[in-house]
Amino acid sequence: MAVLDMIDFSMIKHLWVINKIDLFPWIATFFISLFAGFEFGILIGVATSLLLLLYPWARPAIKARSVAESKVETHGCSDNIILVSIPMGLMFPGVDHLREKVEAKALDGTSSKTVIVDFTHVVMMDYTAVIGVKEMYSYLQKKATPLILTNIQPAILLKLQKAKIKDLCYAASIEDALRMIADGEVKSRDDLVRIITKDEIVSNDDINVTHRLLSNIPKGELELIPK
């Protein structure tokens, strides 16, 4: 009972108001400590907190919607375009969740679709995630479903290039990808590759200045995309 005097019960109210999910570690720690011992309570509390931290990486809140449901300019494109947004870094095993979402949405129905994946918030990718993207692209390619990656950070682009994903198409933004689709340019990365960084755009015509723009990538490590 002496331990109860050390517990700040007023915290429950604050946790409930600010973020209810944070109550789970508190409740788990309190009741396990009360009935099984203080040591077990601490262990369960730490384990619960770790699960809450790791879950968003395992099951990121990926949004997949049609272009008709979004607020972007379609540039005359049809509704058979799927926009996919990733809210955070892409790591193992979150890439499996991405593949499930994309493949389920893209292959839903009989009409051919094009998938645009927005990498704006992706600042980290591990080896498994890169291979997962490569396998997802190969699978969609077999299903005649084009895939375009947009808003890619230079470091992420470098990892994808090192994976040698043949004919994977990149665009500077979602709007740019939609223009490419409308103009019939979504064929391969040799048709049009645009990399946006530091408010500048690099295309195949300007590929020789890529090293200057991607100054944060060590010299010699950037694999130039062939014309």
# chains A, B, ... in the order shown; residues from 1 in each chain; ligands from 1

$ residues_around --residues "range 147-149 of chain A" --least-positions-apart "2" --cutoff "6 Å" --atoms "only C-alpha atoms" --output "list in words"
Val115, Ile116, Val117, Cys169 and Tyr170 of chain A

$ select_by_dssp --residues "range 59-94 of chain A" --states "helix (DSSP H, G or I)" --output "list in words"
Val67, Ala68, Glu69 and Gly94 of chain A

$ residues_around --residues "Ala163 in chain A" --least-positions-apart "5" --cutoff "10 Å" --atoms "only C-alpha atoms" --output "NGL selection string"
:A and (127 or 130-131 or 133-134 or 157-158)

$ write_last_selection --atoms "N, CA and C atoms" --output "compact mmCIF listing (two decimals), in the first residue's frame"
# COMPACT_ATOMS: atom_id res chain seq x y z
N TYR A 127 16.98 -2.21 -46.24
CA TYR A 127 17.18 -3.12 -47.38
C TYR A 127 15.90 -3.87 -47.72
N VAL A 130 13.42 -1.68 -49.63
CA VAL A 130 13.82 -1.47 -51.02
C VAL A 130 13.49 -2.70 -51.87
N ILE A 131 13.81 -3.88 -51.36
CA ILE A 131 13.51 -5.11 -52.08
C ILE A 131 12.00 -5.30 -52.19
N VAL A 133 9.75 -2.90 -52.45
CA VAL A 133 9.30 -2.01 -53.53
C VAL A 133 9.63 -2.62 -54.89
N LYS A 134 10.80 -3.22 -54.99
CA LYS A 134 11.21 -3.85 -56.24
C LYS A 134 10.28 -5.01 -56.60
N LEU A 157 16.25 7.91 -53.14
CA LEU A 157 16.43 7.66 -54.57
C LEU A 157 17.71 6.89 -54.82
N LEU A 158 18.76 7.24 -54.11
CA LEU A 158 20.04 6.55 -54.26
C LEU A 158 19.91 5.07 -53.94

$ residues_around --residues "range 135-138 of chain A" --least-positions-apart "6" --cutoff "9 Å" --atoms "only C-alpha atoms" --output "PyMOL selection string"
chain A and resi 99+102-103+145-147+165+168

$ residues_around --residues "Ile21 in chain A" --least-positions-apart "5" --cutoff "12 Å" --atoms "only C-alpha atoms" --output "ChimeraX atom specification"
/A:12,14-16,26-28,48-49,51-53

$ write_last_selection --atoms "C-alpha atoms" --output "JSON list (two decimals), in the first residue's frame"
[["chain", "number", "residue", "atom", "x", "y", "z"],
["A", 12, "ILE", "CA", -4.83, 9.48, -15.77],
["A", 14, "HIS", "CA", -4.17, 14.15, -18.56],
["A", 15, "LEU", "CA", -3.45, 10.97, -20.53],
["A", 16, "TRP", "CA", -7.14, 10.55, -21.30],
["A", 26, "TRP", "CA", 0.09, 3.01, -17.47],
["A", 27, "ILE", "CA", -2.80, 0.61, -16.79],
["A", 28, "ALA", "CA", -0.71, -2.46, -17.64],
["A", 48, "THR", "CA", 3.69, -2.37, -23.89],
["A", 49, "SER", "CA", 5.41, 0.94, -24.64],
["A", 51, "LEU", "CA", 4.72, -2.34, -28.91],
["A", 52, "LEU", "CA", 3.03, 1.04, -29.21],
["A", 53, "LEU", "CA", 6.21, 2.52, -30.69]]

$ atom_distance --atom1 "CA of Leu54 in chain A" --atom2 "CA of Ser66 in chain A"
28.8 Å

$ closest_residue --among "A:Leu107, A:Val46, A:Val122, A:Leu23" --to "Pro60 in chain A" --atoms "only C-alpha atoms"
A:Val122

$ closest_residue --among "A:Gly37, A:Gly94, A:Pro87, A:Pro25" --to "Ala58 in chain A" --atoms "only C-alpha atoms"
A:Gly94

$ closest_residue --among "A:Thr150, A:Thr114, A:Phe30, A:Leu50" --to "Asp8 in chain A" --atoms "only C-alpha atoms"
A:Phe30

$ closest_residue --among "A:Leu160, A:Pro56, A:Thr29, A:Met91" --to "Ile44 in chain A" --atoms "only C-alpha atoms"
A:Thr29

$ atom_distance --atom1 "CA of Ile62 in chain A" --atom2 "CA of Lys101 in chain A"
7.6 Å

$ decode --residues "range 93-116 of chain A" --atoms "N, CA and C atoms" --output "mmCIF file, in the first residue's frame"
data_model
loop_
_atom_site.group_PDB
_atom_site.id
_atom_site.type_symbol
_atom_site.label_atom_id
_atom_site.label_comp_id
_atom_site.auth_asym_id
_atom_site.auth_seq_id
_atom_site.Cartn_x
_atom_site.Cartn_y
_atom_site.Cartn_z
ATOM 1 N N PRO A 93 8.559 -4.458 -40.937
ATOM 2 C CA PRO A 93 7.792 -5.126 -41.988
ATOM 3 C C PRO A 93 6.706 -4.252 -42.601
ATOM 4 N N GLY A 94 6.826 -2.926 -42.519
ATOM 5 C CA GLY A 94 5.814 -2.039 -43.062
ATOM 6 C C GLY A 94 5.665 -2.150 -44.569
ATOM 7 N N VAL A 95 6.739 -2.580 -45.270
ATOM 8 C CA VAL A 95 6.661 -2.694 -46.721
ATOM 9 C C VAL A 95 5.652 -3.757 -47.141
ATOM 10 N N ASP A 96 5.482 -4.796 -46.339
ATOM 11 C CA ASP A 96 4.478 -5.820 -46.653
ATOM 12 C C ASP A 96 3.076 -5.233 -46.589
ATOM 13 N N HIS A 97 2.856 -4.365 -45.611
ATOM 14 C CA HIS A 97 1.569 -3.698 -45.490
ATOM 15 C C HIS A 97 1.336 -2.784 -46.690
ATOM 16 N N LEU A 98 2.395 -2.108 -47.150
ATOM 17 C CA LEU A 98 2.292 -1.258 -48.331
ATOM 18 C C LEU A 98 1.902 -2.081 -49.557
ATOM 19 N N ARG A 99 2.557 -3.211 -49.730
ATOM 20 C CA ARG A 99 2.262 -4.069 -50.884
ATOM 21 C C ARG A 99 0.821 -4.560 -50.850
ATOM 22 N N GLU A 100 0.366 -4.951 -49.679
ATOM 23 C CA GLU A 100 -1.014 -5.427 -49.558
ATOM 24 C C GLU A 100 -2.007 -4.331 -49.949
ATOM 25 N N LYS A 101 -1.759 -3.121 -49.445
ATOM 26 C CA LYS A 101 -2.657 -2.007 -49.731
ATOM 27 C C LYS A 101 -2.665 -1.671 -51.226
ATOM 28 N N VAL A 102 -1.471 -1.542 -51.788
ATOM 29 C CA VAL A 102 -1.348 -1.134 -53.183
ATOM 30 C C VAL A 102 -1.928 -2.190 -54.117
ATOM 31 N N GLU A 103 -1.536 -3.445 -53.914
ATOM 32 C CA GLU A 103 -1.992 -4.502 -54.813
ATOM 33 C C GLU A 103 -3.489 -4.728 -54.708
ATOM 34 N N ALA A 104 -4.035 -4.626 -53.499
ATOM 35 C CA ALA A 104 -5.475 -4.811 -53.334
ATOM 36 C C ALA A 104 -6.260 -3.707 -54.027
ATOM 37 N N LYS A 105 -5.774 -2.462 -53.896
ATOM 38 C CA LYS A 105 -6.478 -1.330 -54.496
ATOM 39 C C LYS A 105 -6.286 -1.284 -56.007
ATOM 40 N N ALA A 106 -5.072 -1.551 -56.466
ATOM 41 C CA ALA A 106 -4.770 -1.443 -57.893
ATOM 42 C C ALA A 106 -5.424 -2.542 -58.707
ATOM 43 N N LEU A 107 -5.563 -3.718 -58.121
ATOM 44 C CA LEU A 107 -6.110 -4.861 -58.850
ATOM 45 C C LEU A 107 -7.566 -5.111 -58.518
ATOM 46 N N ASP A 108 -8.203 -4.138 -57.897
ATOM 47 C CA ASP A 108 -9.616 -4.248 -57.566
ATOM 48 C C ASP A 108 -10.453 -3.892 -58.791
ATOM 49 N N GLY A 109 -11.100 -4.883 -59.392
ATOM 50 C CA GLY A 109 -11.878 -4.645 -60.602
ATOM 51 C C GLY A 109 -11.156 -5.151 -61.835
ATOM 52 N N THR A 110 -11.741 -4.893 -62.983
ATOM 53 C CA THR A 110 -11.192 -5.412 -64.230
ATOM 54 C C THR A 110 -10.456 -4.352 -65.045
ATOM 55 N N SER A 111 -10.708 -3.070 -64.790
ATOM 56 C CA SER A 111 -10.075 -2.008 -65.565
ATOM 57 C C SER A 111 -8.620 -1.820 -65.161
ATOM 58 N N SER A 112 -7.794 -1.419 -66.128
ATOM 59 C CA SER A 112 -6.375 -1.189 -65.875
ATOM 60 C C SER A 112 -6.178 0.096 -65.086
ATOM 61 N N LYS A 113 -5.278 0.078 -64.124
ATOM 62 C CA LYS A 113 -5.040 1.238 -63.275
ATOM 63 C C LYS A 113 -3.562 1.609 -63.294
ATOM 64 N N THR A 114 -3.302 2.839 -62.898
ATOM 65 C CA THR A 114 -1.945 3.318 -62.699
ATOM 66 C C THR A 114 -1.794 3.714 -61.240
ATOM 67 N N VAL A 115 -0.669 3.346 -60.619
ATOM 68 C CA VAL A 115 -0.436 3.615 -59.198
ATOM 69 C C VAL A 115 0.635 4.685 -59.043
ATOM 70 N N ILE A 116 0.310 5.723 -58.288
ATOM 71 C CA ILE A 116 1.276 6.774 -57.943
ATOM 72 C C ILE A 116 1.523 6.701 -56.439
#
